[in-house]
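Text of the file model30.cif, holding mmCIF, N, CA and C atoms, pLDDT in the B column; chains and numbers go by the auth columns:
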```
data_start
loop_
_atom_site.group_PDB
_atom_site.id
_atom_site.type_symbol
_atom_site.label_atom_id
_atom_site.label_comp_id
_atom_site.label_asym_id
_atom_site.label_seq_id
_atom_site.Cartn_x
_atom_site.Cartn_y
_atom_site.Cartn_z
_atom_site.B_iso_or_equiv
_atom_site.auth_seq_id
_atom_site.auth_asym_id
ATOM 1 N N MET A 1 84.036 83.657 75.778 87.00 1 O
ATOM 2 C CA MET A 1 82.629 83.445 76.015 87.00 1 O
ATOM 3 C C MET A 1 82.034 82.785 74.765 87.00 1 O
ATOM 4 N N THR A 2 81.333 81.691 74.991 96.00 2 O
ATOM 5 C CA THR A 2 80.696 81.003 73.871 96.00 2 O
ATOM 6 C C THR A 2 79.425 81.747 73.450 96.00 2 O
ATOM 7 N N ARG A 3 78.901 81.384 72.305 96.00 3 O
ATOM 8 C CA ARG A 3 77.656 82.003 71.836 96.00 3 O
ATOM 9 C C ARG A 3 76.522 81.767 72.828 96.00 3 O
ATOM 10 N N GLU A 4 76.487 80.553 73.373 97.00 4 O
ATOM 11 C CA GLU A 4 75.447 80.211 74.340 97.00 4 O
ATOM 12 C C GLU A 4 75.586 81.062 75.608 97.00 4 O
ATOM 13 N N GLU A 5 76.806 81.204 76.099 97.00 5 O
ATOM 14 C CA GLU A 5 77.046 82.032 77.284 97.00 5 O
ATOM 15 C C GLU A 5 76.699 83.492 77.001 97.00 5 O
ATOM 16 N N HIS A 6 77.059 83.956 75.808 97.00 6 O
ATOM 17 C CA HIS A 6 76.757 85.318 75.396 97.00 6 O
ATOM 18 C C HIS A 6 75.245 85.550 75.369 97.00 6 O
ATOM 19 N N ALA A 7 74.526 84.620 74.767 97.00 7 O
ATOM 20 C CA ALA A 7 73.068 84.735 74.678 97.00 7 O
ATOM 21 C C ALA A 7 72.432 84.712 76.064 97.00 7 O
ATOM 22 N N LYS A 8 72.941 83.856 76.942 97.00 8 O
ATOM 23 C CA LYS A 8 72.405 83.774 78.308 97.00 8 O
ATOM 24 C C LYS A 8 72.651 85.082 79.054 97.00 8 O
ATOM 25 N N PHE A 9 73.844 85.652 78.906 97.00 9 O
ATOM 26 C CA PHE A 9 74.172 86.924 79.555 97.00 9 O
ATOM 27 C C PHE A 9 73.250 88.038 79.046 97.00 9 O
ATOM 28 N N LEU A 10 73.058 88.112 77.731 97.00 10 O
ATOM 29 C CA LEU A 10 72.169 89.130 77.166 97.00 10 O
ATOM 30 C C LEU A 10 70.745 88.959 77.684 97.00 10 O
ATOM 31 N N ALA A 11 70.275 87.732 77.777 97.00 11 O
ATOM 32 C CA ALA A 11 68.920 87.471 78.270 97.00 11 O
ATOM 33 C C ALA A 11 68.779 87.917 79.728 97.00 11 O
ATOM 34 N N GLN A 12 69.797 87.667 80.542 96.00 12 O
ATOM 35 C CA GLN A 12 69.761 88.090 81.945 96.00 12 O
ATOM 36 C C GLN A 12 69.738 89.612 82.058 96.00 12 O
ATOM 37 N N CYS A 13 70.522 90.289 81.242 95.00 13 O
ATOM 38 C CA CYS A 13 70.545 91.756 81.251 95.00 13 O
ATOM 39 C C CYS A 13 69.192 92.321 80.837 95.00 13 O
ATOM 40 N N LYS A 14 68.617 91.755 79.797 97.00 14 O
ATOM 41 C CA LYS A 14 67.307 92.216 79.334 97.00 14 O
ATOM 42 C C LYS A 14 66.245 91.973 80.400 97.00 14 O
ATOM 43 N N GLU A 15 66.301 90.814 81.053 96.00 15 O
ATOM 44 C CA GLU A 15 65.357 90.492 82.119 96.00 15 O
ATOM 45 C C GLU A 15 65.470 91.515 83.258 96.00 15 O
ATOM 46 N N PHE A 16 66.686 91.895 83.595 91.00 16 O
ATOM 47 C CA PHE A 16 66.920 92.888 84.647 91.00 16 O
ATOM 48 C C PHE A 16 66.296 94.230 84.272 91.00 16 O
ATOM 49 N N VAL A 17 66.554 94.696 83.051 93.00 17 O
ATOM 50 C CA VAL A 17 66.043 95.993 82.602 93.00 17 O
ATOM 51 C C VAL A 17 64.517 95.979 82.534 93.00 17 O
ATOM 52 N N LEU A 18 63.955 94.913 82.016 96.00 18 O
ATOM 53 C CA LEU A 18 62.501 94.813 81.937 96.00 18 O
ATOM 54 C C LEU A 18 61.864 94.766 83.329 96.00 18 O
ATOM 55 N N GLY A 19 62.510 94.090 84.261 92.00 19 O
ATOM 56 C CA GLY A 19 62.030 94.051 85.641 92.00 19 O
ATOM 57 C C GLY A 19 62.056 95.433 86.279 92.00 19 O
ATOM 58 N N MET A 20 63.119 96.162 86.026 87.00 20 O
ATOM 59 C CA MET A 20 63.214 97.530 86.550 87.00 20 O
ATOM 60 C C MET A 20 62.128 98.407 85.940 87.00 20 O
ATOM 61 N N SER A 21 61.840 98.222 84.669 90.00 21 O
ATOM 62 C CA SER A 21 60.790 98.993 84.002 90.00 21 O
ATOM 63 C C SER A 21 59.422 98.690 84.609 90.00 21 O
ATOM 64 N N ARG A 22 59.157 97.403 84.886 92.00 22 O
ATOM 65 C CA ARG A 22 57.884 97.038 85.512 92.00 22 O
ATOM 66 C C ARG A 22 57.761 97.661 86.897 92.00 22 O
ATOM 67 N N LEU A 23 58.849 97.654 87.657 87.00 23 O
ATOM 68 C CA LEU A 23 58.843 98.266 88.980 87.00 23 O
ATOM 69 C C LEU A 23 58.596 99.768 88.881 87.00 23 O
ATOM 70 N N GLU A 24 59.269 100.416 87.947 84.00 24 O
ATOM 71 C CA GLU A 24 59.083 101.855 87.751 84.00 24 O
ATOM 72 C C GLU A 24 57.623 102.178 87.446 84.00 24 O
ATOM 73 N N GLN A 25 57.010 101.420 86.555 88.00 25 O
ATOM 74 C CA GLN A 25 55.609 101.658 86.196 88.00 25 O
ATOM 75 C C GLN A 25 54.685 101.427 87.392 88.00 25 O
ATOM 76 N N SER A 26 55.017 100.464 88.219 87.00 26 O
ATOM 77 C CA SER A 26 54.222 100.196 89.411 87.00 26 O
ATOM 78 C C SER A 26 54.341 101.337 90.415 87.00 26 O
ATOM 79 N N VAL A 27 55.547 101.844 90.590 82.00 27 O
ATOM 80 C CA VAL A 27 55.779 102.931 91.548 82.00 27 O
ATOM 81 C C VAL A 27 55.086 104.210 91.099 82.00 27 O
ATOM 82 N N VAL A 28 55.066 104.464 89.792 82.00 28 O
ATOM 83 C CA VAL A 28 54.413 105.665 89.266 82.00 28 O
ATOM 84 C C VAL A 28 52.936 105.685 89.671 82.00 28 O
ATOM 85 N N LYS A 29 52.318 104.529 89.753 86.00 29 O
ATOM 86 C CA LYS A 29 50.892 104.434 90.051 86.00 29 O
ATOM 87 C C LYS A 29 50.601 104.050 91.502 86.00 29 O
ATOM 88 N N ILE A 30 51.606 104.069 92.372 85.00 30 O
ATOM 89 C CA ILE A 30 51.434 103.568 93.731 85.00 30 O
ATOM 90 C C ILE A 30 50.434 104.386 94.547 85.00 30 O
ATOM 91 N N ASP A 31 50.369 105.688 94.315 84.00 31 O
ATOM 92 C CA ASP A 31 49.434 106.525 95.072 84.00 31 O
ATOM 93 C C ASP A 31 47.983 106.157 94.800 84.00 31 O
ATOM 94 N N ASP A 32 47.714 105.617 93.620 89.00 32 O
ATOM 95 C CA ASP A 32 46.351 105.215 93.270 89.00 32 O
ATOM 96 C C ASP A 32 45.924 103.943 93.996 89.00 32 O
ATOM 97 N N ARG A 33 46.906 103.164 94.456 89.00 33 O
ATOM 98 C CA ARG A 33 46.592 101.859 95.041 89.00 33 O
ATOM 99 C C ARG A 33 46.806 101.785 96.544 89.00 33 O
ATOM 100 N N LEU A 34 47.766 102.554 97.057 89.00 34 O
ATOM 101 C CA LEU A 34 48.115 102.445 98.475 89.00 34 O
ATOM 102 C C LEU A 34 48.114 103.800 99.157 89.00 34 O
ATOM 103 N N THR A 35 47.693 103.812 100.405 90.00 35 O
ATOM 104 C CA THR A 35 47.806 105.032 101.208 90.00 35 O
ATOM 105 C C THR A 35 49.276 105.233 101.565 90.00 35 O
ATOM 106 N N LYS A 36 49.615 106.413 102.079 86.00 36 O
ATOM 107 C CA LYS A 36 51.008 106.672 102.492 86.00 36 O
ATOM 108 C C LYS A 36 51.442 105.656 103.547 86.00 36 O
ATOM 109 N N GLU A 37 50.570 105.338 104.477 89.00 37 O
ATOM 110 C CA GLU A 37 50.901 104.366 105.525 89.00 37 O
ATOM 111 C C GLU A 37 51.142 102.977 104.928 89.00 37 O
ATOM 112 N N GLU A 38 50.318 102.587 103.975 90.00 38 O
ATOM 113 C CA GLU A 38 50.502 101.293 103.312 90.00 38 O
ATOM 114 C C GLU A 38 51.795 101.274 102.502 90.00 38 O
ATOM 115 N N GLN A 39 52.143 102.394 101.885 85.00 39 O
ATOM 116 C CA GLN A 39 53.399 102.491 101.148 85.00 39 O
ATOM 117 C C GLN A 39 54.586 102.320 102.087 85.00 39 O
ATOM 118 N N ARG A 40 54.550 103.011 103.233 85.00 40 O
ATOM 119 C CA ARG A 40 55.636 102.885 104.212 85.00 40 O
ATOM 120 C C ARG A 40 55.763 101.447 104.700 85.00 40 O
ATOM 121 N N ALA A 41 54.618 100.819 104.969 89.00 41 O
ATOM 122 C CA ALA A 41 54.628 99.426 105.440 89.00 41 O
ATOM 123 C C ALA A 41 55.208 98.502 104.374 89.00 41 O
ATOM 124 N N ALA A 42 54.849 98.744 103.110 87.00 42 O
ATOM 125 C CA ALA A 42 55.365 97.909 102.028 87.00 42 O
ATOM 126 C C ALA A 42 56.879 98.042 101.899 87.00 42 O
ATOM 127 N N PHE A 43 57.382 99.284 101.950 84.00 43 O
ATOM 128 C CA PHE A 43 58.825 99.479 101.856 84.00 43 O
ATOM 129 C C PHE A 43 59.543 98.878 103.062 84.00 43 O
ATOM 130 N N LYS A 44 58.959 99.010 104.236 86.00 44 O
ATOM 131 C CA LYS A 44 59.562 98.409 105.433 86.00 44 O
ATOM 132 C C LYS A 44 59.677 96.897 105.250 86.00 44 O
ATOM 133 N N GLU A 45 58.609 96.295 104.742 90.00 45 O
ATOM 134 C CA GLU A 45 58.622 94.846 104.511 90.00 45 O
ATOM 135 C C GLU A 45 59.672 94.454 103.476 90.00 45 O
ATOM 136 N N ILE A 46 59.782 95.234 102.411 88.00 46 O
ATOM 137 C CA ILE A 46 60.783 94.956 101.381 88.00 46 O
ATOM 138 C C ILE A 46 62.189 95.012 101.963 88.00 46 O
ATOM 139 N N PHE A 47 62.480 96.078 102.745 86.00 47 O
ATOM 140 C CA PHE A 47 63.812 96.214 103.317 86.00 47 O
ATOM 141 C C PHE A 47 64.105 95.119 104.336 86.00 47 O
ATOM 142 N N GLU A 48 63.100 94.696 105.095 89.00 48 O
ATOM 143 C CA GLU A 48 63.302 93.596 106.040 89.00 48 O
ATOM 144 C C GLU A 48 63.607 92.302 105.290 89.00 48 O
ATOM 145 N N TRP A 49 62.857 92.053 104.209 90.00 49 O
ATOM 146 C CA TRP A 49 63.123 90.862 103.391 90.00 49 O
ATOM 147 C C TRP A 49 64.526 90.924 102.809 90.00 49 O
ATOM 148 N N LEU A 50 64.897 92.089 102.306 88.00 50 O
ATOM 149 C CA LEU A 50 66.210 92.261 101.696 88.00 50 O
ATOM 150 C C LEU A 50 67.333 91.982 102.704 88.00 50 O
ATOM 151 N N GLY A 51 67.102 92.338 103.947 87.00 51 O
ATOM 152 C CA GLY A 51 68.105 92.092 104.976 87.00 51 O
ATOM 153 C C GLY A 51 68.193 90.644 105.415 87.00 51 O
ATOM 154 N N ALA A 52 67.124 89.880 105.203 90.00 52 O
ATOM 155 C CA ALA A 52 67.076 88.522 105.730 90.00 52 O
ATOM 156 C C ALA A 52 67.122 87.417 104.676 90.00 52 O
ATOM 157 N N THR A 53 66.828 87.747 103.423 92.00 53 O
ATOM 158 C CA THR A 53 66.705 86.697 102.415 92.00 53 O
ATOM 159 C C THR A 53 68.021 85.961 102.165 92.00 53 O
ATOM 160 N N THR A 54 67.890 84.683 101.905 93.00 54 O
ATOM 161 C CA THR A 54 69.054 83.896 101.508 93.00 54 O
ATOM 162 C C THR A 54 69.076 83.719 99.986 93.00 54 O
ATOM 163 N N ASP A 55 68.081 84.299 99.297 93.00 55 O
ATOM 164 C CA ASP A 55 68.024 84.231 97.837 93.00 55 O
ATOM 165 C C ASP A 55 69.082 85.115 97.186 93.00 55 O
ATOM 166 N N VAL A 56 69.568 86.099 97.932 90.00 56 O
ATOM 167 C CA VAL A 56 70.592 87.024 97.438 90.00 56 O
ATOM 168 C C VAL A 56 71.795 86.882 98.370 90.00 56 O
ATOM 169 N N PRO A 57 72.993 86.629 97.841 90.00 57 O
ATOM 170 C CA PRO A 57 74.167 86.491 98.704 90.00 57 O
ATOM 171 C C PRO A 57 74.348 87.726 99.601 90.00 57 O
ATOM 172 N N PRO A 58 74.757 87.533 100.846 84.00 58 O
ATOM 173 C CA PRO A 58 74.827 88.633 101.808 84.00 58 O
ATOM 174 C C PRO A 58 75.734 89.795 101.391 84.00 58 O
ATOM 175 N N ASN A 59 76.799 89.532 100.682 86.00 59 O
ATOM 176 C CA ASN A 59 77.736 90.596 100.317 86.00 59 O
ATOM 177 C C ASN A 59 77.638 90.979 98.842 86.00 59 O
ATOM 178 N N SER A 60 76.491 90.719 98.227 88.00 60 O
ATOM 179 C CA SER A 60 76.367 90.990 96.796 88.00 60 O
ATOM 180 C C SER A 60 76.053 92.451 96.525 88.00 60 O
ATOM 181 N N TYR A 61 76.443 92.883 95.347 90.00 61 O
ATOM 182 C CA TYR A 61 76.106 94.241 94.917 90.00 61 O
ATOM 183 C C TYR A 61 74.600 94.378 94.738 90.00 61 O
ATOM 184 N N ALA A 62 73.928 93.305 94.325 88.00 62 O
ATOM 185 C CA ALA A 62 72.487 93.356 94.068 88.00 62 O
ATOM 186 C C ALA A 62 71.732 93.822 95.308 88.00 62 O
ATOM 187 N N ARG A 63 72.131 93.335 96.467 87.00 63 O
ATOM 188 C CA ARG A 63 71.470 93.710 97.723 87.00 63 O
ATOM 189 C C ARG A 63 71.629 95.208 97.975 87.00 63 O
ATOM 190 N N GLU A 64 72.820 95.710 97.807 86.00 64 O
ATOM 191 C CA GLU A 64 73.080 97.138 98.047 86.00 64 O
ATOM 192 C C GLU A 64 72.420 98.006 96.978 86.00 64 O
ATOM 193 N N TRP A 65 72.488 97.577 95.728 86.00 65 O
ATOM 194 C CA TRP A 65 71.847 98.347 94.650 86.00 65 O
ATOM 195 C C TRP A 65 70.347 98.433 94.894 86.00 65 O
ATOM 196 N N ALA A 66 69.742 97.332 95.309 85.00 66 O
ATOM 197 C CA ALA A 66 68.304 97.327 95.582 85.00 66 O
ATOM 198 C C ALA A 66 67.968 98.325 96.679 85.00 66 O
ATOM 199 N N ARG A 67 68.751 98.325 97.749 83.00 67 O
ATOM 200 C CA ARG A 67 68.513 99.285 98.838 83.00 67 O
ATOM 201 C C ARG A 67 68.596 100.718 98.341 83.00 67 O
ATOM 202 N N GLU A 68 69.639 101.006 97.570 83.00 68 O
ATOM 203 C CA GLU A 68 69.844 102.365 97.077 83.00 68 O
ATOM 204 C C GLU A 68 68.740 102.789 96.110 83.00 68 O
ATOM 205 N N LEU A 69 68.383 101.907 95.183 80.00 69 O
ATOM 206 C CA LEU A 69 67.349 102.252 94.212 80.00 69 O
ATOM 207 C C LEU A 69 65.990 102.435 94.872 80.00 69 O
ATOM 208 N N LEU A 70 65.638 101.536 95.775 80.00 70 O
ATOM 209 C CA LEU A 70 64.344 101.651 96.437 80.00 70 O
ATOM 210 C C LEU A 70 64.276 102.893 97.328 80.00 70 O
ATOM 211 N N ALA A 71 65.371 103.211 97.996 77.00 71 O
ATOM 212 C CA ALA A 71 65.395 104.390 98.867 77.00 71 O
ATOM 213 C C ALA A 71 65.359 105.680 98.060 77.00 71 O
ATOM 214 N N ALA A 72 65.780 105.631 96.811 73.00 72 O
ATOM 215 C CA ALA A 72 65.818 106.832 95.980 73.00 72 O
ATOM 216 C C ALA A 72 64.469 107.158 95.349 73.00 72 O
ATOM 217 N N ILE A 73 63.513 106.259 95.477 71.00 73 O
ATOM 218 C CA ILE A 73 62.197 106.513 94.891 71.00 73 O
ATOM 219 C C ILE A 73 61.599 107.740 95.572 71.00 73 O
ATOM 220 N N ASP A 74 61.198 108.700 94.781 53.00 74 O
ATOM 221 C CA ASP A 74 60.688 109.962 95.307 53.00 74 O
ATOM 222 C C ASP A 74 59.544 109.790 96.292 53.00 74 O
ATOM 223 N N LYS A 75 58.720 108.806 96.084 53.00 75 O
ATOM 224 C CA LYS A 75 57.546 108.616 96.925 53.00 75 O
ATOM 225 C C LYS A 75 57.906 108.029 98.293 53.00 75 O
ATOM 226 N N TYR A 76 59.113 107.514 98.419 51.00 76 O
ATOM 227 C CA TYR A 76 59.542 106.915 99.680 51.00 76 O
ATOM 228 C C TYR A 76 60.090 107.991 100.593 51.00 76 O
ATOM 229 N N GLU A 77 59.572 108.056 101.784 55.00 77 O
ATOM 230 C CA GLU A 77 60.029 109.057 102.749 55.00 77 O
ATOM 231 C C GLU A 77 60.830 108.349 103.826 55.00 77 O
ATOM 232 N N GLY A 78 62.095 108.667 103.916 54.00 78 O
ATOM 233 C CA GLY A 78 62.936 108.044 104.921 54.00 78 O
ATOM 234 C C GLY A 78 64.242 107.597 104.317 54.00 78 O
ATOM 235 N N SER A 79 64.917 106.732 105.023 54.00 79 O
ATOM 236 C CA SER A 79 66.217 106.260 104.587 54.00 79 O
ATOM 237 C C SER A 79 66.252 104.746 104.657 54.00 79 O
ATOM 238 N N ALA A 80 66.924 104.149 103.697 52.00 80 O
ATOM 239 C CA ALA A 80 67.092 102.692 103.728 52.00 80 O
ATOM 240 C C ALA A 80 67.880 102.281 104.956 52.00 80 O
ATOM 241 N N ASP A 81 68.731 103.169 105.452 55.00 81 O
ATOM 242 C CA ASP A 81 69.554 102.853 106.609 55.00 81 O
ATOM 243 C C ASP A 81 68.709 102.478 107.838 55.00 81 O
ATOM 244 N N THR A 82 67.528 103.062 107.955 52.00 82 O
ATOM 245 C CA THR A 82 66.710 102.762 109.141 52.00 82 O
ATOM 246 C C THR A 82 66.184 101.343 109.100 52.00 82 O
ATOM 247 N N TYR A 83 66.206 100.702 107.925 48.00 83 O
ATOM 248 C CA TYR A 83 65.695 99.352 107.808 48.00 83 O
ATOM 249 C C TYR A 83 66.803 98.316 107.708 48.00 83 O
ATOM 250 N N ILE A 84 68.039 98.738 107.630 49.00 84 O
ATOM 251 C CA ILE A 84 69.154 97.801 107.546 49.00 84 O
ATOM 252 C C ILE A 84 69.438 97.279 108.937 49.00 84 O
ATOM 253 N N LEU A 85 69.304 95.970 109.069 44.00 85 O
ATOM 254 C CA LEU A 85 69.461 95.351 110.396 44.00 85 O
ATOM 255 C C LEU A 85 70.882 94.948 110.655 44.00 85 O
#
```

Now, as a test, write the supplied structure out as structure tokens.
Amino acid sequence: MTREEHAKFLAQCKEFVLGMSRLEQSVVKIDDRLTKEEQRAAFKEIFEWLGATTDVPPNSYAREWARELLAAIDKYEGSADTYIL
């Protein structure tokens, strides 16, 4: 791995962690912004997008990790399986 490749990999990892941190902070405050029904609708929309998007390869770990992480959020009631098409 060249220095440039190494730096690019580190930047991608940092971007991932920072993105997860922003999501975590948003979820912590979700009750202040959305009703339970709006939260359910938002998660349903996210899971539908995740099942249909071409931005993420169909057999990638990212797609499955996203489903698992989002379904594990304490405020989410239900299972990611119900939204997997």

Counting only C-alpha atoms, note down every residue that has an atom within 9 Å of the point (63.1, 97.7, 102.0) (file coordinates), as a PDB file with N, CA and C atoms, in the frame of the given file.
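Written out: point-v7.pdb:
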```pdb
ATOM      1  N   ALA O  42      54.849  98.744 103.110  1.00 87.00           N
ATOM      2  CA  ALA O  42      55.365  97.909 102.028  1.00 87.00           C
ATOM      3  C   ALA O  42      56.879  98.042 101.899  1.00 87.00           C
ATOM      4  N   PHE O  43      57.382  99.284 101.950  1.00 84.00           N
ATOM      5  CA  PHE O  43      58.825  99.479 101.856  1.00 84.00           C
ATOM      6  C   PHE O  43      59.543  98.878 103.062  1.00 84.00           C
ATOM      7  N   LYS O  44      58.959  99.010 104.236  1.00 86.00           N
ATOM      8  CA  LYS O  44      59.562  98.409 105.433  1.00 86.00           C
ATOM      9  C   LYS O  44      59.677  96.897 105.250  1.00 86.00           C
ATOM     10  N   GLU O  45      58.609  96.295 104.742  1.00 90.00           N
ATOM     11  CA  GLU O  45      58.622  94.846 104.511  1.00 90.00           C
ATOM     12  C   GLU O  45      59.672  94.454 103.476  1.00 90.00           C
ATOM     13  N   ILE O  46      59.782  95.234 102.411  1.00 88.00           N
ATOM     14  CA  ILE O  46      60.783  94.956 101.381  1.00 88.00           C
ATOM     15  C   ILE O  46      62.189  95.012 101.963  1.00 88.00           C
ATOM     16  N   PHE O  47      62.480  96.078 102.745  1.00 86.00           N
ATOM     17  CA  PHE O  47      63.812  96.214 103.317  1.00 86.00           C
ATOM     18  C   PHE O  47      64.105  95.119 104.336  1.00 86.00           C
ATOM     19  N   GLU O  48      63.100  94.696 105.095  1.00 89.00           N
ATOM     20  CA  GLU O  48      63.302  93.596 106.040  1.00 89.00           C
ATOM     21  C   GLU O  48      63.607  92.302 105.290  1.00 89.00           C
ATOM     22  N   TRP O  49      62.857  92.053 104.209  1.00 90.00           N
ATOM     23  CA  TRP O  49      63.123  90.862 103.391  1.00 90.00           C
ATOM     24  C   TRP O  49      64.526  90.924 102.809  1.00 90.00           C
ATOM     25  N   LEU O  50      64.897  92.089 102.306  1.00 88.00           N
ATOM     26  CA  LEU O  50      66.210  92.261 101.696  1.00 88.00           C
ATOM     27  C   LEU O  50      67.333  91.982 102.704  1.00 88.00           C
ATOM     28  N   GLY O  51      67.102  92.338 103.947  1.00 87.00           N
ATOM     29  CA  GLY O  51      68.105  92.092 104.976  1.00 87.00           C
ATOM     30  C   GLY O  51      68.193  90.644 105.415  1.00 87.00           C
ATOM     31  N   ALA O  66      69.742  97.332  95.309  1.00 85.00           N
ATOM     32  CA  ALA O  66      68.304  97.327  95.582  1.00 85.00           C
ATOM     33  C   ALA O  66      67.968  98.325  96.679  1.00 85.00           C
ATOM     34  N   ARG O  67      68.751  98.325  97.749  1.00 83.00           N
ATOM     35  CA  ARG O  67      68.513  99.285  98.838  1.00 83.00           C
ATOM     36  C   ARG O  67      68.596 100.718  98.341  1.00 83.00           C
ATOM     37  N   LEU O  70      65.638 101.536  95.775  1.00 80.00           N
ATOM     38  CA  LEU O  70      64.344 101.651  96.437  1.00 80.00           C
ATOM     39  C   LEU O  70      64.276 102.893  97.328  1.00 80.00           C
ATOM     40  N   ALA O  71      65.371 103.211  97.996  1.00 77.00           N
ATOM     41  CA  ALA O  71      65.395 104.390  98.867  1.00 77.00           C
ATOM     42  C   ALA O  71      65.359 105.680  98.060  1.00 77.00           C
ATOM     43  N   ALA O  80      66.924 104.149 103.697  1.00 52.00           N
ATOM     44  CA  ALA O  80      67.092 102.692 103.728  1.00 52.00           C
ATOM     45  C   ALA O  80      67.880 102.281 104.956  1.00 52.00           C
ATOM     46  N   TYR O  83      66.206 100.702 107.925  1.00 48.00           N
ATOM     47  CA  TYR O  83      65.695  99.352 107.808  1.00 48.00           C
ATOM     48  C   TYR O  83      66.803  98.316 107.708  1.00 48.00           C
ATOM     49  N   ILE O  84      68.039  98.738 107.630  1.00 49.00           N
ATOM     50  CA  ILE O  84      69.154  97.801 107.546  1.00 49.00           C
ATOM     51  C   ILE O  84      69.438  97.279 108.937  1.00 49.00           C
TER      52      ILE O  84
END
```

Edge lengths and centre in Å to one decimal, as JSON, of the axis-aligned box that encloses all listed atoms of region 44-50 of chain O with 4 Å added on every side?
```
{"center_x": 63.0, "center_y": 94.9, "center_z": 103.7, "size_x": 16.7, "size_y": 16.1, "size_z": 12.7}
```

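Straight-line separation from atom N of Ala41 (chain O) to CA of Val28 (chain O): 16.4 Å.
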
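Between CA of Glu24 (chain O) and CA of Glu64 (chain O) lies a distance of 18.0 Å.
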
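Going from CA of Thr35 (chain O) to atom C of Arg63 (chain O) covers 26.0 Å.
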
Inset, instruction - Could you please write out, as a PyMOL selection string, every residue of chain O that DSSP assigns to helix (DSSP H, G or I)? - result: chain O and resi 3-28+30-33+36-52+61-71+80-83

All heavy atoms for region 48-53 of chain O, written as a PDB file, in the coordinates of the input, could you do that?
```
ATOM      1  N   GLU O  48      63.100  94.696 105.095  1.00 89.00           N
ATOM      2  CA  GLU O  48      63.302  93.596 106.040  1.00 89.00           C
ATOM      3  C   GLU O  48      63.607  92.302 105.290  1.00 89.00           C
ATOM      4  O   GLU O  48      64.506  91.551 105.670  1.00 89.00           O
ATOM      5  CB  GLU O  48      62.072  93.434 106.936  1.00 89.00           C
ATOM      6  CG  GLU O  48      61.941  94.544 107.954  1.00 89.00           C
ATOM      7  CD  GLU O  48      60.644  94.485 108.743  1.00 89.00           C
ATOM      8  OE1 GLU O  48      59.746  93.695 108.417  1.00 89.00           O
ATOM      9  OE2 GLU O  48      60.535  95.271 109.705  1.00 89.00           O
ATOM     10  N   TRP O  49      62.857  92.053 104.209  1.00 90.00           N
ATOM     11  CA  TRP O  49      63.123  90.862 103.391  1.00 90.00           C
ATOM     12  C   TRP O  49      64.526  90.924 102.809  1.00 90.00           C
ATOM     13  O   TRP O  49      65.261  89.938 102.827  1.00 90.00           O
ATOM     14  CB  TRP O  49      62.087  90.756 102.268  1.00 90.00           C
ATOM     15  CG  TRP O  49      62.421  89.665 101.294  1.00 90.00           C
ATOM     16  CD1 TRP O  49      62.146  88.342 101.421  1.00 90.00           C
ATOM     17  CD2 TRP O  49      63.133  89.815 100.059  1.00 90.00           C
ATOM     18  NE1 TRP O  49      62.637  87.655 100.325  1.00 90.00           N
ATOM     19  CE2 TRP O  49      63.250  88.540  99.479  1.00 90.00           C
ATOM     20  CE3 TRP O  49      63.684  90.902  99.391  1.00 90.00           C
ATOM     21  CZ2 TRP O  49      63.887  88.316  98.265  1.00 90.00           C
ATOM     22  CZ3 TRP O  49      64.310  90.687  98.181  1.00 90.00           C
ATOM     23  CH2 TRP O  49      64.420  89.411  97.626  1.00 90.00           C
ATOM     24  N   LEU O  50      64.897  92.089 102.306  1.00 88.00           N
ATOM     25  CA  LEU O  50      66.210  92.261 101.696  1.00 88.00           C
ATOM     26  C   LEU O  50      67.333  91.982 102.704  1.00 88.00           C
ATOM     27  O   LEU O  50      68.369  91.439 102.347  1.00 88.00           O
ATOM     28  CB  LEU O  50      66.328  93.684 101.147  1.00 88.00           C
ATOM     29  CG  LEU O  50      67.406  93.978 100.128  1.00 88.00           C
ATOM     30  CD1 LEU O  50      67.391  93.004  98.982  1.00 88.00           C
ATOM     31  CD2 LEU O  50      67.244  95.401  99.625  1.00 88.00           C
ATOM     32  N   GLY O  51      67.102  92.338 103.947  1.00 87.00           N
ATOM     33  CA  GLY O  51      68.105  92.092 104.976  1.00 87.00           C
ATOM     34  C   GLY O  51      68.193  90.644 105.415  1.00 87.00           C
ATOM     35  O   GLY O  51      69.214  90.204 105.935  1.00 87.00           O
ATOM     36  N   ALA O  52      67.124  89.880 105.203  1.00 90.00           N
ATOM     37  CA  ALA O  52      67.076  88.522 105.730  1.00 90.00           C
ATOM     38  C   ALA O  52      67.122  87.417 104.676  1.00 90.00           C
ATOM     39  O   ALA O  52      67.437  86.281 105.000  1.00 90.00           O
ATOM     40  CB  ALA O  52      65.802  88.350 106.558  1.00 90.00           C
ATOM     41  N   THR O  53      66.828  87.747 103.423  1.00 92.00           N
ATOM     42  CA  THR O  53      66.705  86.697 102.415  1.00 92.00           C
ATOM     43  C   THR O  53      68.021  85.961 102.165  1.00 92.00           C
ATOM     44  O   THR O  53      69.096  86.554 102.235  1.00 92.00           O
ATOM     45  CB  THR O  53      66.182  87.266 101.074  1.00 92.00           C
ATOM     46  OG1 THR O  53      65.973  86.166 100.172  1.00 92.00           O
ATOM     47  CG2 THR O  53      67.156  88.244 100.454  1.00 92.00           C
TER      48      THR O  53
END
```
